[in-house]
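Peer 1: Pasting entry_19.txt below, which is compact mmCIF, C-alpha atoms.
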# COMPACT_ATOMS: atom_id res chain seq x y z
CA MET A 125 -25.44 -7.73 -11.69
CA ARG A 126 -25.47 -11.02 -9.71
CA LEU A 127 -26.52 -9.61 -6.40
CA PRO A 128 -29.13 -7.15 -7.68
CA LEU A 129 -30.77 -10.03 -9.56
CA LEU A 130 -30.74 -12.21 -6.44
CA ALA A 131 -32.17 -9.32 -4.43
CA LEU A 132 -34.97 -8.83 -6.99
CA LEU A 133 -35.78 -12.53 -6.68
CA ALA A 134 -35.93 -12.28 -2.87
CA ARG A 135 -39.37 -10.70 -3.20
CA ALA A 136 -40.96 -13.15 -5.60
CA PRO A 137 -40.00 -15.65 -8.31
CA ALA A 138 -39.65 -14.11 -11.76
CA HIS A 139 -38.44 -14.83 -15.28
CA GLY A 140 -35.61 -13.08 -17.05
CA TYR A 141 -37.66 -10.45 -18.82
CA GLU A 142 -39.49 -9.49 -15.63
CA LEU A 143 -36.14 -8.99 -13.92
CA LYS A 144 -34.98 -6.70 -16.72
CA GLN A 145 -38.17 -4.66 -16.35
CA GLY A 146 -37.75 -4.64 -12.59
CA LEU A 147 -34.29 -3.09 -12.90
CA GLU A 148 -35.49 -0.54 -15.44
CA GLN A 149 -38.41 0.55 -13.29
CA LEU A 150 -36.27 0.82 -10.21
CA LEU A 151 -33.39 2.78 -11.68
CA GLY A 152 -34.85 4.63 -14.66
CA SER A 153 -32.38 6.29 -16.99
CA ALA A 154 -29.64 6.17 -14.36
CA TYR A 155 -28.92 2.59 -15.35
CA PRO A 156 -27.49 1.57 -18.71
CA GLN A 157 -30.23 -0.41 -20.45
CA PRO A 158 -29.93 -3.89 -18.93
CA ASN A 159 -28.90 -6.37 -21.59
CA ILE A 160 -31.34 -9.29 -21.64
CA GLY A 161 -28.64 -11.67 -22.87
CA GLN A 162 -26.42 -10.74 -19.96
CA ILE A 163 -29.30 -11.31 -17.57
CA TYR A 164 -29.91 -14.82 -18.94
CA VAL A 165 -26.20 -15.68 -18.76
CA THR A 166 -26.04 -14.47 -15.15
CA LEU A 167 -29.19 -16.40 -14.24
CA GLY A 168 -27.65 -19.56 -15.74
CA ARG A 169 -24.54 -19.06 -13.63
CA LEU A 170 -26.53 -18.44 -10.46
CA GLU A 171 -28.51 -21.59 -11.10
CA LYS A 172 -25.32 -23.63 -11.48
CA GLN A 173 -24.10 -22.24 -8.17
CA GLY A 174 -27.32 -23.39 -6.53
CA LEU A 175 -28.36 -19.87 -5.54
CA ILE A 176 -31.54 -19.97 -7.63
CA GLU A 177 -33.73 -22.69 -9.12
CA GLY A 178 -35.41 -22.47 -12.50
CA GLN A 179 -38.70 -24.05 -13.45
CA ASP A 180 -39.96 -24.30 -17.01
CA ILE A 181 -43.48 -22.98 -17.47
CA GLU A 182 -45.35 -23.98 -20.59
CA GLN A 183 -46.94 -21.19 -22.60
CA SER A 184 -49.50 -21.83 -25.30
CA GLY A 185 -48.16 -21.04 -28.73
CA ARG A 186 -44.89 -19.66 -27.38
CA PRO A 187 -41.65 -21.19 -26.15
CA ASN A 188 -41.47 -22.18 -22.51
CA LYS A 189 -40.38 -19.53 -20.09
CA LYS A 190 -38.19 -20.24 -17.13
CA VAL A 191 -39.25 -18.83 -13.78
CA TYR A 192 -36.53 -18.56 -11.16
CA ARG A 193 -36.84 -18.57 -7.41
CA LEU A 194 -34.26 -17.96 -4.73
CA THR A 195 -32.90 -21.02 -2.87
CA ALA A 196 -32.02 -21.03 0.83
CA SER A 197 -28.33 -20.51 0.04
CA GLY A 198 -29.29 -17.70 -2.37
CA GLN A 199 -31.24 -16.09 0.45
CA GLU A 200 -28.15 -16.33 2.64
CA VAL A 201 -25.95 -14.67 0.00
CA VAL A 202 -28.39 -11.76 -0.30
CA ARG A 203 -28.51 -11.38 3.47
CA THR A 204 -24.69 -11.28 3.68
CA TRP A 205 -24.64 -8.72 0.86
CA PHE A 206 -26.93 -6.39 2.80
CA ASP A 207 -24.98 -6.95 6.01
CA THR A 208 -21.60 -6.01 4.52
CA PRO A 209 -20.75 -2.31 4.16
CA GLU A 210 -19.13 -1.31 0.87
CA ASP A 211 -15.64 0.12 0.49
CA GLU A 212 -15.56 3.89 0.14
CA PRO A 213 -15.06 5.22 -3.39
CA ARG A 214 -11.44 5.94 -4.30
CA VAL A 215 -9.80 9.14 -5.39
CA ARG A 216 -9.20 8.92 -9.16
CA ASP A 217 -5.85 7.20 -8.91
CA ASP A 218 -4.80 7.62 -12.51
CA PHE A 219 -5.31 11.34 -12.46
CA PHE A 220 -3.49 11.58 -9.16
CA MET A 221 -0.46 9.76 -10.55
CA LYS A 222 -0.39 12.09 -13.55
CA LEU A 223 -0.51 15.08 -11.26
CA ALA A 224 2.18 13.78 -8.97
CA LEU A 225 4.49 12.88 -11.86
CA ALA A 226 3.86 15.86 -14.14
CA SER A 227 6.54 18.23 -12.88
CA HIS A 228 8.94 15.34 -12.36
CA THR A 229 8.83 14.37 -16.02
CA GLY A 230 8.85 17.87 -17.40
CA ILE A 231 6.52 16.64 -20.15
CA ALA A 232 3.27 17.98 -18.73
CA ASP A 233 2.20 21.08 -16.86
CA GLN A 234 0.33 20.49 -13.61
CA ILE A 235 -2.04 23.41 -13.98
CA ALA A 236 -2.85 22.40 -17.55
CA LEU A 237 -3.55 18.88 -16.28
CA ILE A 238 -5.91 20.22 -13.64
CA ASN A 239 -7.69 22.47 -16.12
CA ASN A 240 -8.11 19.61 -18.51
CA GLN A 241 -9.48 17.32 -15.84
CA ARG A 242 -11.86 20.03 -14.65
CA ARG A 243 -13.25 20.37 -18.17
CA GLN A 244 -13.92 16.66 -18.20
CA TYR A 245 -15.75 16.79 -14.84
CA LEU A 246 -17.77 19.85 -15.80
CA ASN A 247 -18.94 18.15 -18.97
CA SER A 248 -19.87 15.04 -16.98
CA MET A 249 -21.77 17.26 -14.57
CA ARG A 250 -23.63 18.82 -17.45
CA GLY A 251 -24.51 15.38 -18.79
CA LEU A 252 -25.83 14.35 -15.39
CA SER A 253 -27.86 17.54 -15.06
CA LYS A 254 -29.49 16.90 -18.40
CA LEU A 255 -30.25 13.28 -17.57
CA ALA A 256 -31.70 14.29 -14.22
CA ALA A 257 -33.86 16.93 -15.88
CA ALA A 258 -35.19 14.37 -18.35
CA GLU A 259 -35.85 11.65 -15.78
CA ASP A 260 -39.36 11.06 -14.45
CA ARG A 261 -39.74 13.25 -11.36
CA ASP A 262 -41.30 10.43 -9.38
CA ASN A 263 -38.41 8.03 -9.80
CA ARG A 264 -36.87 8.60 -6.42
CA TYR A 265 -34.00 6.11 -6.75
CA ALA A 266 -32.88 7.43 -10.10
CA HIS A 267 -32.84 10.97 -8.71
CA LEU A 268 -30.96 9.93 -5.60
CA LEU A 269 -28.42 8.21 -7.79
CA PHE A 270 -27.98 11.29 -9.99
CA GLU A 271 -27.62 13.43 -6.92
CA GLY A 272 -25.00 11.07 -5.48
CA ALA A 273 -23.03 11.09 -8.72
CA MET A 274 -23.20 14.89 -8.82
CA LEU A 275 -22.06 15.26 -5.24
CA HIS A 276 -19.07 13.01 -5.98
CA LEU A 277 -18.21 15.15 -8.98
CA GLN A 278 -18.58 18.29 -6.88
CA ALA A 279 -16.12 16.79 -4.37
CA ASP A 280 -13.69 15.93 -7.17
CA LEU A 281 -13.98 19.48 -8.49
CA ASP A 282 -13.42 20.94 -5.02
CA TRP A 283 -10.35 18.77 -4.68
CA LEU A 284 -9.02 19.98 -8.05
CA GLU A 285 -9.48 23.51 -6.73
CA ARG A 286 -7.41 22.65 -3.68
CA CYS A 287 -4.70 21.15 -5.88
CA GLN A 288 -4.68 24.24 -8.02
CA GLU A 289 -4.46 26.63 -5.08
CA GLU A 290 -1.64 24.63 -3.55
CA LEU A 291 0.38 24.07 -6.71
CA GLU A 292 -0.03 27.58 -8.10
CA GLU A 293 1.72 28.92 -5.01
CA LEU A 294 4.77 26.83 -5.87
CA GLU A 295 5.01 28.21 -9.38
CA MET B 194 -20.94 38.26 -43.41
CA LYS B 195 -22.20 41.30 -41.54
CA ASP B 196 -20.23 42.93 -38.78
CA SER B 197 -20.89 40.94 -35.67
CA PRO B 198 -22.92 42.90 -33.11
CA SER B 199 -21.22 44.28 -30.01
CA PRO B 200 -20.89 41.79 -27.21
CA ALA B 201 -23.46 42.18 -24.43
CA LEU B 202 -20.62 42.74 -22.02
CA ARG B 203 -16.93 43.33 -22.42
CA ALA B 204 -14.27 44.02 -19.84
CA GLU B 205 -10.60 44.74 -20.28
CA GLY B 206 -7.82 44.82 -17.74
CA LEU B 207 -10.09 44.98 -14.70
CA VAL B 208 -8.21 45.44 -11.44
CA ARG B 209 -9.67 45.91 -8.01
CA THR B 210 -7.77 45.88 -4.73
CA HIS B 211 -9.47 45.89 -1.34
CA HIS B 212 -7.68 47.82 1.35
CA GLY B 213 -8.40 46.03 4.58
CA GLU B 214 -6.82 46.03 8.02
CA SER B 215 -4.44 43.26 7.02
CA GLY B 216 -3.09 45.24 4.08
CA PRO B 217 -4.16 45.30 0.44
CA ALA B 218 -6.01 42.24 -0.93
CA HIS B 219 -5.84 41.83 -4.67
CA ALA B 220 -9.38 40.67 -5.41
CA VAL B 221 -9.35 41.09 -9.19
CA ARG B 222 -5.98 41.19 -10.92
CA GLY B 223 -6.30 41.98 -14.58
CA VAL B 224 -9.40 40.36 -16.02
CA ASP B 225 -10.49 40.43 -19.65
CA LEU B 226 -13.92 39.11 -20.42
CA CYS B 227 -16.26 39.05 -23.35
CA VAL B 228 -19.85 37.82 -23.13
CA GLN B 229 -21.91 37.59 -26.30
CA SER B 230 -25.58 38.35 -26.34
CA GLY B 231 -27.55 35.22 -25.43
CA GLU B 232 -24.60 33.53 -23.74
CA PHE B 233 -24.84 31.89 -20.32
CA VAL B 234 -21.47 32.12 -18.58
CA ALA B 235 -20.65 30.72 -15.16
CA ILE B 236 -17.69 31.93 -13.14
CA THR B 237 -16.54 29.39 -10.56
CA GLY B 238 -13.69 29.23 -8.12
CA PRO B 239 -12.87 28.88 -4.44
CA SER B 240 -14.22 31.40 -1.96
CA GLY B 241 -11.97 34.41 -1.78
CA ALA B 242 -10.90 34.05 -5.40
CA GLY B 243 -12.51 37.40 -6.18
CA LYS B 244 -15.38 36.17 -8.30
CA SER B 245 -18.05 38.12 -6.42
CA THR B 246 -15.94 41.26 -6.61
CA LEU B 247 -15.70 40.70 -10.37
CA LEU B 248 -19.48 40.44 -10.64
CA HIS B 249 -19.90 43.61 -8.57
CA LEU B 250 -17.55 45.43 -10.93
CA LEU B 251 -19.58 44.21 -13.92
CA GLY B 252 -22.79 45.50 -12.33
CA GLY B 253 -21.29 48.81 -11.27
CA LEU B 254 -21.78 48.02 -7.59
CA GLN B 255 -18.06 48.63 -7.15
CA ARG B 256 -15.71 50.62 -9.36
CA PRO B 257 -12.48 49.13 -10.73
CA ASP B 258 -9.11 50.66 -9.80
CA SER B 259 -8.27 50.34 -13.46
CA GLY B 260 -9.67 48.73 -16.59
CA SER B 261 -12.86 49.30 -18.55
CA ILE B 262 -16.29 47.82 -19.04
CA TRP B 263 -18.50 48.09 -22.10
CA LEU B 264 -22.22 47.29 -22.09
CA ASP B 265 -23.56 46.60 -25.57
CA GLY B 266 -20.53 48.37 -26.95
CA GLU B 267 -21.02 51.46 -24.80
CA CYS B 268 -18.09 52.38 -22.57
CA THR B 269 -19.10 52.84 -18.95
CA ALA B 270 -15.96 54.69 -17.85
CA THR B 271 -17.73 58.00 -17.41
CA TRP B 272 -20.78 56.60 -15.65
CA ARG B 273 -21.39 57.88 -12.14
CA GLU B 274 -23.40 56.15 -9.44
CA THR B 275 -26.73 57.61 -10.56
CA ARG B 276 -26.20 56.37 -14.11
CA TRP B 277 -25.28 52.90 -12.89
CA ALA B 278 -28.39 52.87 -10.71
CA VAL B 279 -30.51 53.65 -13.76
CA GLU B 280 -28.80 50.98 -15.82
CA ARG B 281 -29.26 48.42 -13.06
CA ARG B 282 -32.97 48.95 -13.48
CA LYS B 283 -33.05 48.92 -17.26
CA ARG B 284 -30.17 46.98 -18.70
CA ILE B 285 -28.80 44.87 -15.86
CA GLY B 286 -30.79 42.66 -13.51
CA ILE B 287 -29.00 41.32 -10.44
CA VAL B 288 -29.83 38.52 -8.01
CA PHE B 289 -27.85 37.93 -4.83
CA GLN B 290 -27.19 35.06 -2.45
CA PHE B 291 -29.35 36.56 0.29
CA PHE B 292 -32.09 37.79 -2.06
CA ASN B 293 -31.90 41.42 -0.80
CA LEU B 294 -35.66 41.89 -0.97
CA VAL B 295 -37.14 44.92 0.76
CA SER B 296 -38.43 43.28 3.93
CA ASN B 297 -41.27 45.71 4.65
CA LEU B 298 -42.72 45.60 1.16
CA SER B 299 -45.03 42.85 -0.08
CA VAL B 300 -43.91 40.41 -2.75
CA ALA B 301 -45.98 42.29 -5.34
CA ASP B 302 -44.45 45.65 -4.38
CA ASN B 303 -40.92 44.25 -4.40
CA VAL B 304 -41.39 43.17 -8.00
CA GLU B 305 -43.36 46.20 -9.20
CA LEU B 306 -41.15 48.85 -7.62
CA PRO B 307 -38.28 48.67 -10.13
CA ALA B 308 -40.80 48.73 -12.99
CA LEU B 309 -42.43 51.88 -11.58
CA LEU B 310 -39.03 53.48 -10.98
CA ALA B 311 -38.13 52.77 -14.58
CA GLY B 312 -41.21 54.66 -15.70
CA ALA B 313 -43.75 51.91 -16.33
CA SER B 314 -47.41 52.73 -15.65
CA PRO B 315 -48.89 51.05 -12.55
CA LYS B 316 -51.06 48.95 -14.84
CA ARG B 317 -48.12 47.78 -16.87
CA ALA B 318 -46.04 47.09 -13.75
CA ARG B 319 -48.86 45.00 -12.34
CA ALA B 320 -49.21 43.03 -15.56
CA GLU B 321 -45.48 42.33 -15.73
CA ARG B 322 -45.42 41.28 -12.09
CA LYS B 323 -48.37 38.93 -12.57
CA ALA B 324 -46.83 37.29 -15.60
CA LEU B 325 -43.46 36.79 -13.94
CA LEU B 326 -44.80 35.44 -10.67
CA ALA B 327 -46.97 32.97 -12.58
CA GLU B 328 -44.02 31.97 -14.70
CA LEU B 329 -41.90 31.44 -11.59
CA GLY B 330 -44.59 29.42 -9.86
CA ILE B 331 -45.29 31.78 -6.97
CA GLU B 332 -48.68 33.19 -7.86
CA GLY B 333 -50.90 33.51 -4.81
CA LYS B 334 -48.05 34.91 -2.69
CA GLU B 335 -48.40 38.52 -3.87
CA ARG B 336 -49.62 39.79 -0.50
CA SER B 337 -47.01 37.88 1.50
CA MET B 338 -44.06 39.63 3.05
CA PRO B 339 -40.62 38.30 2.06
CA GLY B 340 -40.00 36.98 5.59
CA GLU B 341 -43.00 34.67 5.28
CA LEU B 342 -41.54 32.86 2.27
CA SER B 343 -39.03 30.02 2.07
CA GLY B 344 -35.55 30.78 0.76
CA GLY B 345 -36.36 29.24 -2.60
CA GLU B 346 -39.50 31.35 -2.92
CA GLN B 347 -37.65 34.53 -1.94
CA GLN B 348 -35.05 33.83 -4.60
CA ARG B 349 -37.78 33.43 -7.19
CA VAL B 350 -39.24 36.79 -6.14
CA ALA B 351 -35.76 38.28 -6.44
CA LEU B 352 -35.48 36.78 -9.92
CA ALA B 353 -38.84 38.31 -10.87
CA ARG B 354 -37.66 41.68 -9.56
CA ALA B 355 -34.42 41.42 -11.52
CA LEU B 356 -36.24 40.58 -14.75
CA VAL B 357 -39.29 42.83 -14.50
CA ASN B 358 -37.81 45.45 -16.83
CA HIS B 359 -36.53 42.82 -19.30
CA PRO B 360 -32.86 43.74 -18.87
CA PRO B 361 -30.66 42.29 -21.63
CA LEU B 362 -28.13 41.15 -18.99
CA LEU B 363 -28.77 39.14 -15.83
CA LEU B 364 -26.02 38.93 -13.20
CA ALA B 365 -26.39 36.28 -10.49
CA ASP B 366 -24.13 36.18 -7.45
CA GLU B 367 -24.31 32.74 -5.76
CA PRO B 368 -28.08 32.64 -6.31
CA ALA B 369 -28.32 29.19 -4.71
CA GLY B 370 -25.72 29.85 -2.04
CA SER B 371 -28.25 29.86 0.77
CA LEU B 372 -30.66 27.30 -0.66
CA ASP B 373 -30.98 23.57 -0.09
CA SER B 374 -30.52 21.13 -2.90
CA LYS B 375 -34.14 21.31 -4.01
CA GLY B 376 -33.94 25.10 -4.11
CA THR B 377 -30.68 24.83 -6.07
CA ARG B 378 -32.32 22.62 -8.67
CA GLU B 379 -35.19 25.06 -8.95
CA VAL B 380 -32.90 28.05 -9.52
CA MET B 381 -30.95 26.01 -12.05
CA ARG B 382 -34.10 25.09 -13.93
CA LEU B 383 -35.31 28.70 -14.02
CA LEU B 384 -31.98 30.14 -15.17
CA SER B 385 -31.85 27.51 -17.92
CA ARG B 386 -35.37 28.35 -18.98
CA PHE B 387 -34.68 32.10 -19.24
CA HIS B 388 -31.44 31.36 -21.03
CA GLU B 389 -33.25 29.21 -23.59
CA ARG B 390 -35.37 32.24 -24.41
CA GLY B 391 -32.27 34.27 -25.12
CA GLN B 392 -31.48 35.85 -21.75
CA THR B 393 -27.79 36.68 -21.38
CA ILE B 394 -26.61 35.47 -17.97
CA VAL B 395 -23.40 35.81 -16.00
CA LEU B 396 -23.48 33.59 -12.94
CA VAL B 397 -20.99 33.43 -10.09
CA THR B 398 -21.10 30.21 -8.10
CA HIS B 399 -18.96 27.69 -6.28
CA ASP B 400 -21.59 25.04 -7.05
CA ALA B 401 -20.55 22.99 -10.08
CA ARG B 402 -24.08 21.67 -10.52
CA LEU B 403 -25.33 25.18 -11.06
CA ALA B 404 -22.33 26.06 -13.22
CA SER B 405 -22.99 23.07 -15.45
CA ALA B 406 -26.23 24.69 -16.61
CA ALA B 407 -24.11 27.34 -18.38
CA ASP B 408 -22.67 27.09 -21.91
CA ARG B 409 -19.33 28.30 -20.77
CA VAL B 410 -17.45 28.07 -17.50
CA ILE B 411 -14.68 30.38 -16.39
CA SER B 412 -12.49 29.08 -13.57
CA PHE B 413 -11.38 31.94 -11.42
CA PHE B 414 -8.34 31.67 -9.16
CA ASP B 415 -6.65 34.29 -7.11
CA GLY B 416 -8.21 37.18 -8.97
CA ARG B 417 -7.50 35.83 -12.43
CA THR B 418 -9.03 33.64 -15.10
CA ALA B 419 -7.35 30.24 -14.92
CA ASP B 420 -9.46 28.56 -17.57
CA ASP B 421 -12.32 29.42 -19.87
CA VAL B 422 -14.16 26.52 -21.47
CA ALA B 423 -17.26 25.97 -23.58
CA LEU B 424 -19.24 23.01 -22.25
CA ASP B 425 -20.58 20.25 -24.42
CA SER B 426 -23.67 21.42 -26.21
CA THR B 427 -24.50 18.00 -27.60
CA PRO B 428 -27.93 16.85 -26.49
CA SER B 429 -28.02 14.55 -23.51
CA ARG B 430 -27.29 10.93 -24.18
CA ARG B 431 -30.37 8.79 -24.59
CA PRO B 432 -31.91 7.58 -21.37
CA GLY B 433 -30.69 4.14 -20.50
CA THR B 434 -27.26 4.51 -22.01
CA SER B 435 -25.88 6.78 -19.36
CA GLY B 436 -23.99 4.34 -17.23
CA VAL B 437 -24.25 6.52 -14.13
CA LEU B 438 -24.48 3.27 -12.24
CA LYS B 439 -22.23 0.37 -13.04
CA LEU B 440 -23.17 -3.06 -11.78
CA ARG B 441 -20.40 -5.59 -11.54
CA ASP B 442 -20.29 -8.83 -13.56
Here is a file; write its structure as structure tokens.
Peer 2:
Amino acid sequence: MRLPLLALLARAPAHGYELKQGLEQLLGSAYPQPNIGQIYVTLGRLEKQGLIEGQDIEQSGRPNKKVYRLTASGQEVVRTWFDTPEDEPRVRDDFFMKLALASHTGIADQIALINNQRRQYLNSMRGLSKLAAAEDRDNRYAHLLFEGAMLHLQADLDWLERCQEELEELE
Amino acid sequence: MKDSPSPALRAEGLVRTHHGESGPAHAVRGVDLCVQSGEFVAITGPSGAGKSTLLHLLGGLQRPDSGSIWLDGECTATWRETRWAVERRKRIGIVFQFFNLVSNLSVADNVELPALLAGASPKRARAERKALLAELGIEGKERSMPGELSGGEQQRVALARALVNHPPLLLADEPAGSLDSKGTREVMRLLSRFHERGQTIVLVTHDARLASAADRVISFFDGRTADDVALDSTPSRRPGTSGVLKLRD
């Protein structure tokens, strides 16, 4: 959450609640409701690290609100973030270890493992489809995110198919 | 409790072997299947697993070497080609990967033809066609020829043609197989919508996104059912609690 908050502040100073709204608008239902408490805690930490600076603004009849702006070193951190490519996603290691060890232990059946895992993925896919159908059509980022998640699941399902083809031949 | 009605579709012990140049290929190797009325079943599996052959057997486009198929409780064993052709107009609608529209007939004629062949009056056929094309979002294209439409539009016309006689059973063979991801979403949305109104659907696809629209998914491997699972029917989780995206710290 650190870097997305810094990146939101790169455009203009904002207070905690505005940042929460900014994330919600950007990501729609694809993002688990940002927790305002968590946002304030993170902002406090970022301020301590000198990446942002807070300024109290008086409000009539309400408690002060704190507006944050990005410092020069904060700017630098955001720039480095954008410049660094991310690691590729990993194959689900835990499932892979189960699969590799199943016949060795004699406790579990490989094909049953694959079937079980496929059920899990198919249900996740269904959940994503429903979320995507319910999401505002105009929220491009949310839809791209859903599509990305679905393509990953499709790849995982294709890989399960490969495992099944390969391992069924051995049986 | 009353006796439960006959399933919309039932198959027992279906076997079909293709005899090609490289020897016999066992496409379907002993399949039992039961689809209740109103169910939406997806059959998925790798290419070459025999899932399209299975669908062709269910629609009478190919005959099994052995095994039987019942439609609404009626055994089809004695049906000849002409009977199947009649049933494919009345009781079974089929859509294919490459649409299979008649290329020298207009969109309107493609949709009306099966209605006329099934004995509907021209007026009735026209009314059905109009309603379906509007429903599928392609009104205004009646005079177009299939070749002038996008893939997604052609598939919607094919869907209209398959449903024009209100068949109780819809069979779909990779209906999004030649569509882009927008076209896939569209087909998915339409199948879901018809299903919600009670349409029984059997869908063959390698696309898990499409399959996830179904209530039940059959995984097909090497001519056999490897798994048969009912998907979660719980309503989608509330927006905002999905956790599709996880941000660190």
Peer 1: Rank A:Gln145, A:Asn188, A:Asn247, A:Gln179 by their smallest atom-to-atom distance to chain B, using all atoms listed in the file, and report the top residue only.
Peer 2: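 The closest residue to chain B is A:Asn247.
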Peer 1: Kindly determine which residues of chain A lie within 10 Å of chain B, considering all atoms listed in the file, and give the answer as JSON, numbers by chain.
Peer 2: {"A": [125, 126, 127, 128, 148, 151, 152, 153, 154, 155, 156, 157, 158, 162, 166, 235, 236, 238, 239, 240, 242, 243, 244, 245, 246, 247, 248, 249, 250, 251, 252, 253, 254, 255, 256, 257, 258, 259, 266, 269, 270, 271, 272, 273, 274, 275, 277, 278, 279, 281, 282, 285, 286, 288, 289, 292]}
Peer 1: What is the distance, in Å and to one decimal place, between atom CA of B:Ile262 and atom CA of B:Leu202?
Peer 2: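 Separating atom CA of B:Ile262 from atom CA of B:Leu202 is a distance of 7.3 Å.
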Peer 1: Of the candidates A:Leu237, A:Leu129, A:Ala136, A:Ala232, which one gets nearest to A:Phe219 if we count only C-alpha atoms?
Peer 2: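 Using only C-alpha atoms, A:Phe219 sits closest to A:Leu237.
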Peer 1: Residues within 7 Å of stretch 171-175 of chain A, please, as an mmCIF file with C-alpha atoms, in the coordinates of the input. Count all atoms listed in the file; anything in the same chain fewer than 3 positions from it doesn't count.
Peer 2:
data_model
loop_
_atom_site.group_PDB
_atom_site.id
_atom_site.type_symbol
_atom_site.label_atom_id
_atom_site.label_comp_id
_atom_site.auth_asym_id
_atom_site.auth_seq_id
_atom_site.Cartn_x
_atom_site.Cartn_y
_atom_site.Cartn_z
ATOM 1 C CA LEU A 167 -29.190 -16.400 -14.240
ATOM 2 C CA GLY A 168 -27.650 -19.560 -15.740
ATOM 3 C CA LEU A 194 -34.260 -17.960 -4.730
ATOM 4 C CA THR A 195 -32.900 -21.020 -2.870
ATOM 5 C CA SER A 197 -28.330 -20.510 0.040
ATOM 6 C CA GLY A 198 -29.290 -17.700 -2.370
#
Peer 1: In Å to one decimal, how far is atom CA of B:Ala351 from atom CA of B:Leu294?
Peer 2: 6.6 Å
Peer 1: How big is the axis-aligned box around the listed atoms of stretch 253-262 of chain A once 4 Å is added on each side, and where is its centre? Give both in Å to one decimal, as JSON.
Peer 2:
{"center_x": -34.6, "center_y": 14.0, "center_z": -13.9, "size_x": 21.4, "size_y": 15.1, "size_z": 17.0}
Peer 1: Give one line per residue of stretch 235-307 of chain B that approaches stretch 208-213 of chain B to at most 10 Å, naming the two atoms of the closest pair and their distance in Å to one decimal, counting all atoms listed in the file; sort by chain then ascending residue number and deliver it as CSV.
Peer 2:
residue,atom,partner,partner_atom,distance
B:Gly243,CA,B:Arg209,CA,9.2
B:Thr246,CA,B:Arg209,CA,7.9
B:Leu247,CA,B:Arg209,CA,8.3
B:Leu250,CA,B:Arg209,CA,8.4
B:Gln255,CA,B:Arg209,CA,8.9
B:Arg256,CA,B:Arg209,CA,7.8
B:Pro257,CA,B:Arg209,CA,5.1
B:Asp258,CA,B:Arg209,CA,5.1
B:Ser259,CA,B:Val208,CA,5.3
B:Gly260,CA,B:Val208,CA,6.3
B:Ser261,CA,B:Val208,CA,9.3
Peer 1: Write out the residues from the selection above, keeping C-alpha atoms, as an mmCIF file, in the frame of the given file.
Peer 2:
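The resulting again-v9.cif:
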data_model
loop_
_atom_site.group_PDB
_atom_site.id
_atom_site.type_symbol
_atom_site.label_atom_id
_atom_site.label_comp_id
_atom_site.auth_asym_id
_atom_site.auth_seq_id
_atom_site.Cartn_x
_atom_site.Cartn_y
_atom_site.Cartn_z
ATOM 1 C CA GLY B 243 -12.510 37.400 -6.180
ATOM 2 C CA THR B 246 -15.940 41.260 -6.610
ATOM 3 C CA LEU B 247 -15.700 40.700 -10.370
ATOM 4 C CA LEU B 250 -17.550 45.430 -10.930
ATOM 5 C CA GLN B 255 -18.060 48.630 -7.150
ATOM 6 C CA ARG B 256 -15.710 50.620 -9.360
ATOM 7 C CA PRO B 257 -12.480 49.130 -10.730
ATOM 8 C CA ASP B 258 -9.110 50.660 -9.800
ATOM 9 C CA SER B 259 -8.270 50.340 -13.460
ATOM 10 C CA GLY B 260 -9.670 48.730 -16.590
ATOM 11 C CA SER B 261 -12.860 49.300 -18.550
#
Peer 1: Could you tell me how far atom CA of B:Thr418 sits from atom CA of B:Phe233, in Å to one decimal place?
Peer 2: 16.7 Å
Peer 1: With a distance cut-off of 7 Å and only C-alpha atoms, select the neighbouring residues of B:Gln348, excluding the residue or stretch itself and same-chain residues fewer than 4 positions from it, and output the selection as an MDAnalysis selection string.
Peer 2: chainID B and resid 292 344 352
Peer 1: Find the residues near B:Arg322: any atom within 8 Å, counting only C-alpha atoms, skip ones fewer than 4 places away on the same chain, and give them as a ChimeraX atom specification.
Peer 2: /B:301,304-305,318,326,353,357
Peer 1: Using all atoms listed in the file, determine which residues lie at most 8 Å from B:Gly266, disregarding the query and same-chain residues fewer than 2 positions distant; provide the list as a list in words.
Peer 2: Ser199, Pro200, Ala201, Leu202, Arg203, Trp263, Leu264 and Cys268 of chain B
